[in-house]
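J.: Take this structure, written in structure tokens, and hold onto it; I'll ask about it next.
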Amino acid sequence: MDIAEWLRGLGLGKYAPAFAENAINWDVLPELTADDLKEIGVTAVGDRRRLLAGIATLRSSAVPAGPALPRMCPARPSGGS
């Protein structure tokens, strides 16, 4: 699922262009604040609240809504000891 589909699922697909223009991807989405949403043009308080609720759901979800991010593995020491 991409961000535009996620927005459409919330009934807020009209904001997809603003999200795309501002390079908001799955890595940035969970960190968005109400001020960020205002800055990208989400002027209606109700729409901001719906987006923030959707973001909160993503944060608490055990299954990622977007593409899986690569996991960082600890470096293994080189050498045989």
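In the structure tokens, chains take the letters A, B, ... in the order shown, each chain's residues start at 1, and ligands count up from 1 in the order shown.
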Within 12 Å of A:Arg49, counting only C-alpha atoms, which residues qualify if same-chain residues fewer than 6 places away don't, as a PDB file with all heavy atoms, in the first residue's frame?

T.:
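As a result, around-v3.pdb now contains:
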```pdb
ATOM      1  N   LEU A  10      -8.558   6.675   4.444  1.00  0.00           N
ATOM      2  CA  LEU A  10      -9.017   7.560   5.515  1.00  0.00           C
ATOM      3  C   LEU A  10     -10.052   8.568   5.020  1.00  0.00           C
ATOM      4  O   LEU A  10     -10.565   9.360   5.800  1.00  0.00           O
ATOM      5  CB  LEU A  10      -7.834   8.338   6.113  1.00  0.00           C
ATOM      6  CG  LEU A  10      -6.764   7.536   6.847  1.00  0.00           C
ATOM      7  CD1 LEU A  10      -5.614   8.450   7.238  1.00  0.00           C
ATOM      8  CD2 LEU A  10      -7.352   6.849   8.068  1.00  0.00           C
ATOM      9  N   LEU A  12      -9.228  10.858   2.842  1.00  0.00           N
ATOM     10  CA  LEU A  12      -8.457  12.098   2.739  1.00  0.00           C
ATOM     11  C   LEU A  12      -7.519  12.080   1.537  1.00  0.00           C
ATOM     12  O   LEU A  12      -6.438  12.672   1.565  1.00  0.00           O
ATOM     13  CB  LEU A  12      -7.673  12.327   4.038  1.00  0.00           C
ATOM     14  CG  LEU A  12      -8.541  12.459   5.289  1.00  0.00           C
ATOM     15  CD1 LEU A  12      -7.698  12.390   6.547  1.00  0.00           C
ATOM     16  CD2 LEU A  12      -9.358  13.736   5.249  1.00  0.00           C
ATOM     17  N   LEU A  32       5.000  12.829  11.917  1.00  0.00           N
ATOM     18  CA  LEU A  32       4.297  14.076  11.593  1.00  0.00           C
ATOM     19  C   LEU A  32       3.521  14.606  12.789  1.00  0.00           C
ATOM     20  O   LEU A  32       2.945  13.845  13.569  1.00  0.00           O
ATOM     21  CB  LEU A  32       3.335  13.871  10.422  1.00  0.00           C
ATOM     22  CG  LEU A  32       3.955  13.634   9.060  1.00  0.00           C
ATOM     23  CD1 LEU A  32       2.864  13.464   8.009  1.00  0.00           C
ATOM     24  CD2 LEU A  32       4.880  14.757   8.664  1.00  0.00           C
ATOM     25  N   THR A  33       3.499  15.913  12.899  1.00  0.00           N
ATOM     26  CA  THR A  33       2.754  16.596  13.958  1.00  0.00           C
ATOM     27  C   THR A  33       1.642  17.427  13.323  1.00  0.00           C
ATOM     28  O   THR A  33       1.601  17.611  12.096  1.00  0.00           O
ATOM     29  CB  THR A  33       3.678  17.542  14.743  1.00  0.00           C
ATOM     30  OG1 THR A  33       4.110  18.591  13.856  1.00  0.00           O
ATOM     31  CG2 THR A  33       4.884  16.814  15.316  1.00  0.00           C
ATOM     32  N   ALA A  34       0.772  17.959  14.161  1.00  0.00           N
ATOM     33  CA  ALA A  34      -0.290  18.838  13.676  1.00  0.00           C
ATOM     34  C   ALA A  34       0.311  20.045  12.950  1.00  0.00           C
ATOM     35  O   ALA A  34      -0.214  20.475  11.917  1.00  0.00           O
ATOM     36  CB  ALA A  34      -1.187  19.288  14.825  1.00  0.00           C
ATOM     37  N   ASP A  35       1.404  20.569  13.467  1.00  0.00           N
ATOM     38  CA  ASP A  35       2.056  21.713  12.813  1.00  0.00           C
ATOM     39  C   ASP A  35       2.587  21.335  11.436  1.00  0.00           C
ATOM     40  O   ASP A  35       2.483  22.116  10.489  1.00  0.00           O
ATOM     41  CB  ASP A  35       3.185  22.273  13.679  1.00  0.00           C
ATOM     42  CG  ASP A  35       2.662  23.038  14.891  1.00  0.00           C
ATOM     43  OD1 ASP A  35       1.511  23.526  14.849  1.00  0.00           O
ATOM     44  OD2 ASP A  35       3.404  23.136  15.878  1.00  0.00           O
ATOM     45  N   LEU A  37       1.356  19.060   9.476  1.00  0.00           N
ATOM     46  CA  LEU A  37       0.190  18.922   8.605  1.00  0.00           C
ATOM     47  C   LEU A  37      -0.325  20.289   8.160  1.00  0.00           C
ATOM     48  O   LEU A  37      -0.674  20.471   6.995  1.00  0.00           O
ATOM     49  CB  LEU A  37      -0.905  18.114   9.304  1.00  0.00           C
ATOM     50  CG  LEU A  37      -0.544  16.651   9.580  1.00  0.00           C
ATOM     51  CD1 LEU A  37      -1.615  15.995  10.437  1.00  0.00           C
ATOM     52  CD2 LEU A  37      -0.328  15.883   8.284  1.00  0.00           C
ATOM     53  N   LYS A  38      -0.326  21.257   9.077  1.00  0.00           N
ATOM     54  CA  LYS A  38      -0.721  22.626   8.705  1.00  0.00           C
ATOM     55  C   LYS A  38       0.217  23.164   7.631  1.00  0.00           C
ATOM     56  O   LYS A  38      -0.210  23.784   6.668  1.00  0.00           O
ATOM     57  CB  LYS A  38      -0.647  23.562   9.917  1.00  0.00           C
ATOM     58  CG  LYS A  38      -1.776  23.452  10.869  1.00  0.00           C
ATOM     59  CD  LYS A  38      -1.580  24.494  11.966  1.00  0.00           C
ATOM     60  CE  LYS A  38      -2.400  24.191  13.177  1.00  0.00           C
ATOM     61  NZ  LYS A  38      -2.164  25.159  14.259  1.00  0.00           N
ATOM     62  N   VAL A  42      -2.885  21.063   5.218  1.00  0.00           N
ATOM     63  CA  VAL A  42      -4.071  20.437   5.812  1.00  0.00           C
ATOM     64  C   VAL A  42      -4.649  21.463   6.790  1.00  0.00           C
ATOM     65  O   VAL A  42      -4.261  21.523   7.954  1.00  0.00           O
ATOM     66  CB  VAL A  42      -3.727  19.103   6.518  1.00  0.00           C
ATOM     67  CG1 VAL A  42      -4.988  18.451   7.074  1.00  0.00           C
ATOM     68  CG2 VAL A  42      -3.008  18.168   5.564  1.00  0.00           C
ATOM     69  N   THR A  43      -5.554  22.293   6.273  1.00  0.00           N
ATOM     70  CA  THR A  43      -6.046  23.424   7.061  1.00  0.00           C
ATOM     71  C   THR A  43      -7.232  23.071   7.958  1.00  0.00           C
ATOM     72  O   THR A  43      -7.395  23.674   9.014  1.00  0.00           O
ATOM     73  CB  THR A  43      -6.442  24.586   6.138  1.00  0.00           C
ATOM     74  OG1 THR A  43      -7.416  24.130   5.210  1.00  0.00           O
ATOM     75  CG2 THR A  43      -5.232  25.121   5.393  1.00  0.00           C
ATOM     76  N   ILE A  55      -2.289   8.073  11.907  1.00  0.00           N
ATOM     77  CA  ILE A  55      -0.859   7.940  12.186  1.00  0.00           C
ATOM     78  C   ILE A  55      -0.660   7.200  13.510  1.00  0.00           C
ATOM     79  O   ILE A  55       0.199   6.320  13.617  1.00  0.00           O
ATOM     80  CB  ILE A  55      -0.174   9.318  12.196  1.00  0.00           C
ATOM     81  CG1 ILE A  55      -0.131   9.881  10.766  1.00  0.00           C
ATOM     82  CG2 ILE A  55       1.227   9.231  12.795  1.00  0.00           C
ATOM     83  CD1 ILE A  55       0.242  11.348  10.680  1.00  0.00           C
ATOM     84  N   ALA A  56      -1.468   7.532  14.514  1.00  0.00           N
ATOM     85  CA  ALA A  56      -1.366   6.850  15.808  1.00  0.00           C
ATOM     86  C   ALA A  56      -1.661   5.366  15.656  1.00  0.00           C
ATOM     87  O   ALA A  56      -1.005   4.524  16.277  1.00  0.00           O
ATOM     88  CB  ALA A  56      -2.318   7.491  16.818  1.00  0.00           C
TER      89      ALA A  56
END
```

J.: Between atom CA of A:Phe19 and atom CA of A:Glu39, what is the distance in Å, rounded to a tenth?

T.: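 A separation of 10.9 Å between them.
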
J.: For A:Arg59, which residue out of A:Gly41, A:Gly9, A:Pro30, A:Pro17 is the nearest one, using only C-alpha atoms?

T.: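 Among the listed residues, the smallest separation from A:Arg59 belongs to A:Pro30.
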
J.: Rounded to one decimal place, report the atom CA of A:Val28-atom CA of A:Asp47 distance in Å.

T.: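 Distance reported for this atom pair: 18.5 Å.
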
J.: May I ask which of the residues A:Tyr15, A:Trp6, A:Asn22, A:Met1 is the closest one to A:Arg48, counting only C-alpha atoms?

T.: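 Closest residue, counting only C-alpha atoms: A:Tyr15.
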
J.: Go through A:Ile3, A:Leu58, A:Ala44, A:Ala53 and flag the residue nearest A:Ala18, using only C-alpha atoms for the distances.

T.: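 Ranked by minimum distance to A:Ala18, first place goes to A:Ile3.
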
J.: Using Å and a single decimal, report how far atom CA of A:Ala16 sits from atom CA of A:Ala4.

T.: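 That distance, rounded to one decimal, is 5.0 Å.
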